[in-house]
Amino acid sequence: MATDNLIEISNVDYWYDRRRAILSGIDMAIPRGKVVAIMGISGSGKTTLLRLIGGVMKARKGEVKVDGQLVNKLNSDGIYKMRRRMGMLFQFGALFTDMTVFDNVAFQMREHTNLPERMIRDLVYMKLHAVGLRGAHRLMPSELSGGMARRVALARAIALDPMLMLYDEPFTGLDPISLGVIRNLIRRLNDALGATSIVVTHDVQEALELVDYVYYMSDGKIVAHGTPQELLANREPLVHQFVYGEPDGPVPFQYPGRNYAEDLKLGARRA
Amino acid sequence: MPERAIYSIRRLGHATIDSVLRLGYAARFIMLTLLHSGTGFRRLHLTIRELYFTGVLSLIIILVSGLFVGMVLGFQGFQTLQTYGSESALGVLVALSLVRELGPVVAALLFASRAGSAMTAEIGLMKATEQLSAMEMMAVDPIARVVAPRFWAGFISMPLLAAMFSAMGVFGGYLVGVVLIGVDEGSFWSQMQSAVDFREDIVNGVIKSIVFGFAVTWIALFEGYDAPPTAEGVSGATTRTVVTSSLVVLGLDFVLTSFMFRGV
């Protein structure tokens, strides 16, 4: 049923240069309330796909629908309106370095609402409490560890109770404890807010434990999708190599180049 | 050989297209900044905060440089004027050089290297650390929230800094000429008062500093906003801000001067 999907992407192509497609023929449906991972090796087009959903870039062909709205046909006002109902967690948090933790979380409330400062204060404390950092509200971003910064950024992203959460590589560069905290928060916040979440990641273990459904991308195409169990059982060599982290396979270890023997001039010496 | 020639022609073409494109982007950027300036004025605290960073924090370098430039002018001017027995015109020389030229130009050069480079680096780093993208994803336009307040802060503070530079320079000239060398105080001030014309000299100087403030701030903000989001990108943009705005200030100064002082 169409209405049960918050996001519907059909036959989407994207390119910077017509000769080299970044995304081609993407079809995807993300049901409301679910946590969905988009996985793939670096350069497979997953971040680009996230940007198309967020309206940062527009699909060259096909349709991207978020909550029934065609994102690639919206003007900038429409996109800004839509983004007020989205939250995005950036790879390294992207906190505003000239503001305290409190002001970072309060940023959107002050920009988009006319709430009195007392209410903003309560809301910010609630959001910070949800990520366990109420006590850190006075700190500057430079005083936070990587994991804490990511949690503050998460509190900032949920400031306006978004219907859609986008996570761009949320697990990169975190210690195991912070990683576990972030993973739990993604699930808990999704369920508590009644939101839908998309997690772009290449962290197999974390993602498969966390999400309801996985899309696996390679070279700008979706090559497999299914539940985490289905993906683990997938026999497709590309998926198998990725899920089990094998160094060589369909994705070669060596960057394509000339013949090794030729590069070492072995033939020349013999001649 | 023809291949190399074709290659160089292609590179020349690329470079030309790139610079025209960048010029277009820069024009679009300043238009957007002006269009979105409403936010900066509605929430004045953003602009006031930037005024502190660009204006107040540049004060020391501007005042100290102004004092020293004025003192040097006092020495040099006295030496030359003495040859013709007209030391009493020292005040005029110091004041006119500062108000017409040195005030706006040197203050703009210092402003570019003190405040301009800081603006470029700050915005470039905000871009490199995805703060600008984050803002956009939060449905807040970075041009309205980050760029416009900085633009107005630069635009407002530059003429004030130039005026303070000139005032400090006149004081420096006085210190050296009157206090140190002993030029007659009365003629120092009275000749200055009668020779410096409000419309011709002071207003023209102020106009210059406004134009320079606009140009330097525009260049600094655009370079930051357009910087490639890497360490080299930001450092290159910061260097370009200082080099480009210095050259633009000197070029504009020539053009403005040739229009302003045609009859002189």
# chains A, B, ... in the order shown; residues from 1 in each chain; ligands from 1
>>> residues_around(residues="Pro229 (chain B)", least_positions_apart="5", cutoff="12 Å", atoms="only C-alpha atoms", output="VMD selection string")
chain B and resid 121 to 133 223 to 224 234 to 237
>>> write_last_selection(atoms="N, CA and C atoms", output="mmCIF file, in the first residue's frame")
data_model
loop_
_atom_site.group_PDB
_atom_site.id
_atom_site.type_symbol
_atom_site.label_atom_id
_atom_site.label_comp_id
_atom_site.auth_asym_id
_atom_site.auth_seq_id
_atom_site.Cartn_x
_atom_site.Cartn_y
_atom_site.Cartn_z
ATOM 1 N N ALA B 121 38.474 32.100 6.685
ATOM 2 C CA ALA B 121 38.847 30.860 7.349
ATOM 3 C C ALA B 121 37.672 30.299 8.137
ATOM 4 N N GLU B 122 36.936 31.185 8.806
ATOM 5 C CA GLU B 122 35.832 30.707 9.635
ATOM 6 C C GLU B 122 34.751 30.047 8.773
ATOM 7 N N ILE B 123 34.351 30.749 7.717
ATOM 8 C CA ILE B 123 33.285 30.194 6.876
ATOM 9 C C ILE B 123 33.783 28.960 6.136
ATOM 10 N N GLY B 124 35.037 28.995 5.669
ATOM 11 C CA GLY B 124 35.591 27.825 4.992
ATOM 12 C C GLY B 124 35.609 26.612 5.906
ATOM 13 N N LEU B 125 35.995 26.825 7.156
ATOM 14 C CA LEU B 125 36.019 25.700 8.099
ATOM 15 C C LEU B 125 34.616 25.232 8.451
ATOM 16 N N MET B 126 33.702 26.175 8.550
ATOM 17 C CA MET B 126 32.310 25.775 8.801
ATOM 18 C C MET B 126 31.814 24.888 7.669
ATOM 19 N N LYS B 127 32.260 25.222 6.455
ATOM 20 C CA LYS B 127 31.848 24.411 5.313
ATOM 21 C C LYS B 127 32.535 23.047 5.366
ATOM 22 N N ALA B 128 33.841 23.058 5.666
ATOM 23 C CA ALA B 128 34.593 21.806 5.674
ATOM 24 C C ALA B 128 34.081 20.854 6.761
ATOM 25 N N THR B 129 33.588 21.398 7.869
ATOM 26 C CA THR B 129 33.101 20.526 8.935
ATOM 27 C C THR B 129 31.589 20.303 8.822
ATOM 28 N N GLU B 130 31.045 20.602 7.672
ATOM 29 C CA GLU B 130 29.631 20.348 7.342
ATOM 30 C C GLU B 130 28.654 21.169 8.166
ATOM 31 N N GLN B 131 29.146 22.229 8.833
ATOM 32 C CA GLN B 131 28.218 23.027 9.638
ATOM 33 C C GLN B 131 27.216 23.759 8.746
ATOM 34 N N LEU B 132 27.686 24.182 7.556
ATOM 35 C CA LEU B 132 26.769 24.887 6.666
ATOM 36 C C LEU B 132 25.726 23.924 6.104
ATOM 37 N N SER B 133 26.175 22.692 5.757
ATOM 38 C CA SER B 133 25.212 21.701 5.269
ATOM 39 C C SER B 133 24.210 21.364 6.354
ATOM 40 N N GLU B 223 35.078 33.935 -0.872
ATOM 41 C CA GLU B 223 36.175 32.956 -0.872
ATOM 42 C C GLU B 223 35.918 31.864 0.166
ATOM 43 N N GLY B 224 35.443 32.253 1.327
ATOM 44 C CA GLY B 224 35.149 31.265 2.366
ATOM 45 C C GLY B 224 34.034 30.336 1.952
ATOM 46 N N VAL B 234 40.846 25.553 2.357
ATOM 47 C CA VAL B 234 40.605 26.703 3.226
ATOM 48 C C VAL B 234 41.843 27.596 3.288
ATOM 49 N N SER B 235 43.036 26.967 3.351
ATOM 50 C CA SER B 235 44.233 27.811 3.422
ATOM 51 C C SER B 235 44.416 28.572 2.114
ATOM 52 N N GLY B 236 44.139 27.923 0.997
ATOM 53 C CA GLY B 236 44.244 28.613 -0.296
ATOM 54 C C GLY B 236 43.262 29.765 -0.373
ATOM 55 N N ALA B 237 42.046 29.538 0.110
ATOM 56 C CA ALA B 237 41.017 30.579 0.050
ATOM 57 C C ALA B 237 41.418 31.769 0.915
#
>>> residues_around(residues="Phe102 (chain A)", least_positions_apart="3", cutoff="12 Å", atoms="only C-alpha atoms", output="PyMOL selection string")
chain A and resi 95-99+105-110+120-129+133-141+152-153+155-156+159
>>> interface_residues(of="chain A", to="chain B", cutoff="10 Å", atoms="only C-alpha atoms", output="PyMOL selection string")
chain A and resi 51+54-56+76-77+79-98+107-108+111-112+153+156-157+159-160
>>> residues_around(residues="region 155-164 of chain B", least_positions_apart="6", cutoff="8 Å", atoms="only C-alpha atoms", output="count of residues only")
20
>>> select_by_dssp(residues="region 140-188 of chain A", states="strand (DSSP E or B)", output="list in words")
Leu164, Met165, Leu166, Tyr167 and Asp168 of chain A
>>> residues_around(residues="region 2-12 of chain A", least_positions_apart="5", cutoff="9 Å", atoms="only C-alpha atoms", output="PyMOL selection string")
chain A and resi 23-33+53+59-68+163-164+196
>>> select_by_dssp(residues="region 77-200 of chain A", states="helix (DSSP H, G or I)", output="JSON, numbers by chain")
{"A": [77, 78, 79, 80, 81, 82, 83, 101, 102, 103, 104, 105, 106, 107, 108, 109, 110, 111, 112, 117, 118, 119, 120, 121, 122, 123, 124, 125, 126, 127, 128, 129, 130, 134, 135, 136, 141, 142, 143, 146, 147, 148, 149, 150, 151, 152, 153, 154, 155, 156, 157, 176, 177, 178, 179, 180, 181, 182, 183, 184, 185, 186, 187, 188, 189, 190, 191, 192, 193]}
>>> residues_around(residues="region 85-92 of chain B", least_positions_apart="2", cutoff="7 Å", atoms="only C-alpha atoms", output="ChimeraX atom specification")
/B:77-78,81-83,94-96,183-184,187-189,191-192,195
>>> closest_residue(among="B:Val105, B:Thr230, B:Gly173, B:Tyr225", to="Leu252 (chain B)", atoms="only C-alpha atoms")
B:Val105
>>> decode(residues="region 30-182 of chain A", atoms="C-alpha atoms", output="PDB file, in the first residue's frame")
ATOM      1  CA  ILE A  30      10.710   2.788   3.018  1.00  0.00           C
ATOM      2  CA  PRO A  31       7.750   2.015   5.253  1.00  0.00           C
ATOM      3  CA  ARG A  32       6.744   4.344   8.072  1.00  0.00           C
ATOM      4  CA  GLY A  33       8.170   3.564  11.472  1.00  0.00           C
ATOM      5  CA  LYS A  34      11.017   1.381  10.246  1.00  0.00           C
ATOM      6  CA  VAL A  35      14.768   1.740  10.531  1.00  0.00           C
ATOM      7  CA  VAL A  36      16.287   1.031   7.150  1.00  0.00           C
ATOM      8  CA  ALA A  37      19.966   0.792   6.266  1.00  0.00           C
ATOM      9  CA  ILE A  38      21.503   1.734   2.959  1.00  0.00           C
ATOM     10  CA  MET A  39      24.795  -0.105   2.778  1.00  0.00           C
ATOM     11  CA  GLY A  40      27.615  -0.387   0.331  1.00  0.00           C
ATOM     12  CA  ILE A  41      31.297   0.313  -0.070  1.00  0.00           C
ATOM     13  CA  SER A  42      32.602   3.864  -0.272  1.00  0.00           C
ATOM     14  CA  GLY A  43      31.671   5.498  -3.540  1.00  0.00           C
ATOM     15  CA  SER A  44      28.666   3.277  -4.174  1.00  0.00           C
ATOM     16  CA  GLY A  45      26.307   6.269  -4.196  1.00  0.00           C
ATOM     17  CA  LYS A  46      24.637   5.870  -0.811  1.00  0.00           C
ATOM     18  CA  THR A  47      25.366   9.378   0.450  1.00  0.00           C
ATOM     19  CA  THR A  48      24.152  10.790  -2.868  1.00  0.00           C
ATOM     20  CA  LEU A  49      20.906   8.906  -2.381  1.00  0.00           C
ATOM     21  CA  LEU A  50      20.565  10.392   1.108  1.00  0.00           C
ATOM     22  CA  ARG A  51      21.096  13.851  -0.363  1.00  0.00           C
ATOM     23  CA  LEU A  52      18.372  13.272  -2.935  1.00  0.00           C
ATOM     24  CA  ILE A  53      15.974  12.369  -0.130  1.00  0.00           C
ATOM     25  CA  GLY A  54      16.972  15.466   1.837  1.00  0.00           C
ATOM     26  CA  GLY A  55      16.494  17.629  -1.245  1.00  0.00           C
ATOM     27  CA  VAL A  56      20.112  18.800  -1.241  1.00  0.00           C
ATOM     28  CA  MET A  57      20.354  17.613  -4.832  1.00  0.00           C
ATOM     29  CA  LYS A  58      17.616  16.851  -7.318  1.00  0.00           C
ATOM     30  CA  ALA A  59      17.252  13.573  -9.173  1.00  0.00           C
ATOM     31  CA  ARG A  60      17.975  13.961 -12.875  1.00  0.00           C
ATOM     32  CA  LYS A  61      15.404  11.319 -13.740  1.00  0.00           C
ATOM     33  CA  GLY A  62      12.696   9.497 -11.823  1.00  0.00           C
ATOM     34  CA  GLU A  63      10.773  10.397  -8.685  1.00  0.00           C
ATOM     35  CA  VAL A  64      11.724  10.859  -5.055  1.00  0.00           C
ATOM     36  CA  LYS A  65       8.652  11.078  -2.846  1.00  0.00           C
ATOM     37  CA  VAL A  66       8.786  11.922   0.839  1.00  0.00           C
ATOM     38  CA  ASP A  67       5.455  11.743   2.637  1.00  0.00           C
ATOM     39  CA  GLY A  68       3.653  11.982  -0.698  1.00  0.00           C
ATOM     40  CA  GLN A  69       5.570  15.074  -1.835  1.00  0.00           C
ATOM     41  CA  LEU A  70       7.709  14.945  -4.943  1.00  0.00           C
ATOM     42  CA  VAL A  71      11.032  16.229  -3.654  1.00  0.00           C
ATOM     43  CA  ASN A  72      12.566  16.793  -7.069  1.00  0.00           C
ATOM     44  CA  LYS A  73       9.710  19.106  -8.063  1.00  0.00           C
ATOM     45  CA  LEU A  74       9.713  21.237  -4.907  1.00  0.00           C
ATOM     46  CA  ASN A  75      11.068  24.784  -4.999  1.00  0.00           C
ATOM     47  CA  SER A  76      13.483  25.904  -2.325  1.00  0.00           C
ATOM     48  CA  ASP A  77      10.697  27.120  -0.004  1.00  0.00           C
ATOM     49  CA  GLY A  78       9.006  23.753  -0.282  1.00  0.00           C
ATOM     50  CA  ILE A  79      12.234  21.939   0.420  1.00  0.00           C
ATOM     51  CA  TYR A  80      12.914  24.093   3.476  1.00  0.00           C
ATOM     52  CA  LYS A  81       9.406  23.389   4.734  1.00  0.00           C
ATOM     53  CA  MET A  82       9.920  19.675   4.242  1.00  0.00           C
ATOM     54  CA  ARG A  83      13.288  19.764   6.007  1.00  0.00           C
ATOM     55  CA  ARG A  84      11.696  21.144   9.148  1.00  0.00           C
ATOM     56  CA  ARG A  85      10.193  17.694   9.520  1.00  0.00           C
ATOM     57  CA  MET A  86      13.507  15.944   8.924  1.00  0.00           C
ATOM     58  CA  GLY A  87      16.493  15.492  11.165  1.00  0.00           C
ATOM     59  CA  MET A  88      19.929  14.623   9.931  1.00  0.00           C
ATOM     60  CA  LEU A  89      22.920  13.347  11.816  1.00  0.00           C
ATOM     61  CA  PHE A  90      26.141  14.107   9.993  1.00  0.00           C
ATOM     62  CA  GLN A  91      29.165  11.864   9.937  1.00  0.00           C
ATOM     63  CA  PHE A  92      31.136  13.868  12.484  1.00  0.00           C
ATOM     64  CA  GLY A  93      28.226  15.622  14.120  1.00  0.00           C
ATOM     65  CA  ALA A  94      28.723  19.014  12.423  1.00  0.00           C
ATOM     66  CA  LEU A  95      27.982  20.883  15.650  1.00  0.00           C
ATOM     67  CA  PHE A  96      28.209  24.657  15.471  1.00  0.00           C
ATOM     68  CA  THR A  97      31.577  25.246  17.043  1.00  0.00           C
ATOM     69  CA  ASP A  98      30.816  28.787  18.177  1.00  0.00           C
ATOM     70  CA  MET A  99      27.831  27.766  20.316  1.00  0.00           C
ATOM     71  CA  THR A 100      27.452  25.800  23.509  1.00  0.00           C
ATOM     72  CA  VAL A 101      25.817  22.385  23.565  1.00  0.00           C
ATOM     73  CA  PHE A 102      22.627  24.050  24.816  1.00  0.00           C
ATOM     74  CA  ASP A 103      22.548  26.609  22.003  1.00  0.00           C
ATOM     75  CA  ASN A 104      23.245  23.930  19.417  1.00  0.00           C
ATOM     76  CA  VAL A 105      20.197  21.966  20.497  1.00  0.00           C
ATOM     77  CA  ALA A 106      18.099  25.119  20.838  1.00  0.00           C
ATOM     78  CA  PHE A 107      19.158  26.353  17.378  1.00  0.00           C
ATOM     79  CA  GLN A 108      16.211  25.042  15.372  1.00  0.00           C
ATOM     80  CA  MET A 109      13.670  25.876  18.054  1.00  0.00           C
ATOM     81  CA  ARG A 110      14.846  29.484  18.057  1.00  0.00           C
ATOM     82  CA  GLU A 111      14.978  29.670  14.261  1.00  0.00           C
ATOM     83  CA  HIS A 112      11.659  28.058  13.463  1.00  0.00           C
ATOM     84  CA  THR A 113       9.363  28.606  16.430  1.00  0.00           C
ATOM     85  CA  ASN A 114       8.246  31.497  18.586  1.00  0.00           C
ATOM     86  CA  LEU A 115       8.440  29.479  21.765  1.00  0.00           C
ATOM     87  CA  PRO A 116       9.319  31.450  24.881  1.00  0.00           C
ATOM     88  CA  GLU A 117      12.860  30.953  26.119  1.00  0.00           C
ATOM     89  CA  ARG A 118      11.656  29.131  29.245  1.00  0.00           C
ATOM     90  CA  MET A 119       9.925  26.505  27.196  1.00  0.00           C
ATOM     91  CA  ILE A 120      12.932  26.166  24.891  1.00  0.00           C
ATOM     92  CA  ARG A 121      15.046  25.619  27.976  1.00  0.00           C
ATOM     93  CA  ASP A 122      12.820  22.763  29.148  1.00  0.00           C
ATOM     94  CA  LEU A 123      12.703  21.201  25.685  1.00  0.00           C
ATOM     95  CA  VAL A 124      16.477  21.379  25.276  1.00  0.00           C
ATOM     96  CA  TYR A 125      16.963  19.708  28.660  1.00  0.00           C
ATOM     97  CA  MET A 126      14.547  16.970  27.622  1.00  0.00           C
ATOM     98  CA  LYS A 127      16.347  16.356  24.342  1.00  0.00           C
ATOM     99  CA  LEU A 128      19.722  16.344  26.056  1.00  0.00           C
ATOM    100  CA  HIS A 129      18.394  14.043  28.746  1.00  0.00           C
ATOM    101  CA  ALA A 130      17.283  11.613  26.042  1.00  0.00           C
ATOM    102  CA  VAL A 131      20.885  11.293  24.846  1.00  0.00           C
ATOM    103  CA  GLY A 132      22.255  11.327  28.394  1.00  0.00           C
ATOM    104  CA  LEU A 133      24.025  14.685  28.214  1.00  0.00           C
ATOM    105  CA  ARG A 134      21.807  17.054  30.185  1.00  0.00           C
ATOM    106  CA  GLY A 135      24.735  17.689  32.497  1.00  0.00           C
ATOM    107  CA  ALA A 136      26.937  18.800  29.608  1.00  0.00           C
ATOM    108  CA  HIS A 137      24.701  21.620  28.383  1.00  0.00           C
ATOM    109  CA  ARG A 138      27.205  24.349  29.220  1.00  0.00           C
ATOM    110  CA  LEU A 139      30.150  22.793  27.382  1.00  0.00           C
ATOM    111  CA  MET A 140      31.475  23.955  24.024  1.00  0.00           C
ATOM    112  CA  PRO A 141      31.746  21.392  21.202  1.00  0.00           C
ATOM    113  CA  SER A 142      35.553  21.499  21.466  1.00  0.00           C
ATOM    114  CA  GLU A 143      35.274  20.122  25.011  1.00  0.00           C
ATOM    115  CA  LEU A 144      33.327  17.032  23.938  1.00  0.00           C
ATOM    116  CA  SER A 145      34.653  13.626  22.976  1.00  0.00           C
ATOM    117  CA  GLY A 146      33.736  12.242  19.548  1.00  0.00           C
ATOM    118  CA  GLY A 147      30.975  10.081  20.972  1.00  0.00           C
ATOM    119  CA  MET A 148      29.513  12.909  23.045  1.00  0.00           C
ATOM    120  CA  ALA A 149      29.569  15.257  20.064  1.00  0.00           C
ATOM    121  CA  ARG A 150      27.652  12.699  18.043  1.00  0.00           C
ATOM    122  CA  ARG A 151      25.057  12.409  20.804  1.00  0.00           C
ATOM    123  CA  VAL A 152      24.639  16.173  21.050  1.00  0.00           C
ATOM    124  CA  ALA A 153      24.220  16.278  17.285  1.00  0.00           C
ATOM    125  CA  LEU A 154      21.566  13.605  17.653  1.00  0.00           C
ATOM    126  CA  ALA A 155      19.753  15.671  20.280  1.00  0.00           C
ATOM    127  CA  ARG A 156      19.937  18.640  17.920  1.00  0.00           C
ATOM    128  CA  ALA A 157      18.570  16.573  15.037  1.00  0.00           C
ATOM    129  CA  ILE A 158      15.514  15.490  17.030  1.00  0.00           C
ATOM    130  CA  ALA A 159      14.884  18.995  18.364  1.00  0.00           C
ATOM    131  CA  LEU A 160      11.667  19.472  16.391  1.00  0.00           C
ATOM    132  CA  ASP A 161      10.475  15.846  16.645  1.00  0.00           C
ATOM    133  CA  PRO A 162      11.102  14.951  13.011  1.00  0.00           C
ATOM    134  CA  MET A 163       9.081  12.402  11.056  1.00  0.00           C
ATOM    135  CA  LEU A 164      12.195  11.271   9.225  1.00  0.00           C
ATOM    136  CA  MET A 165      15.703  10.826  10.574  1.00  0.00           C
ATOM    137  CA  LEU A 166      18.655  10.566   8.222  1.00  0.00           C
ATOM    138  CA  TYR A 167      21.938   9.217   9.518  1.00  0.00           C
ATOM    139  CA  ASP A 168      25.082   9.643   7.445  1.00  0.00           C
ATOM    140  CA  GLU A 169      27.663   7.119   8.663  1.00  0.00           C
ATOM    141  CA  PRO A 170      26.706   7.458  12.328  1.00  0.00           C
ATOM    142  CA  PHE A 171      29.164   4.820  13.556  1.00  0.00           C
ATOM    143  CA  THR A 172      32.353   6.097  11.965  1.00  0.00           C
ATOM    144  CA  GLY A 173      35.267   6.642  14.334  1.00  0.00           C
ATOM    145  CA  LEU A 174      33.506   5.824  17.608  1.00  0.00           C
ATOM    146  CA  ASP A 175      34.799   3.736  20.498  1.00  0.00           C
ATOM    147  CA  PRO A 176      32.809   0.557  21.236  1.00  0.00           C
ATOM    148  CA  ILE A 177      30.865   2.094  24.121  1.00  0.00           C
ATOM    149  CA  SER A 178      29.816   5.226  22.230  1.00  0.00           C
ATOM    150  CA  LEU A 179      29.003   3.038  19.288  1.00  0.00           C
ATOM    151  CA  GLY A 180      26.659   0.923  21.366  1.00  0.00           C
ATOM    152  CA  VAL A 181      25.075   4.056  22.832  1.00  0.00           C
ATOM    153  CA  ILE A 182      24.462   5.595  19.404  1.00  0.00           C
TER     154      ILE A 182
END
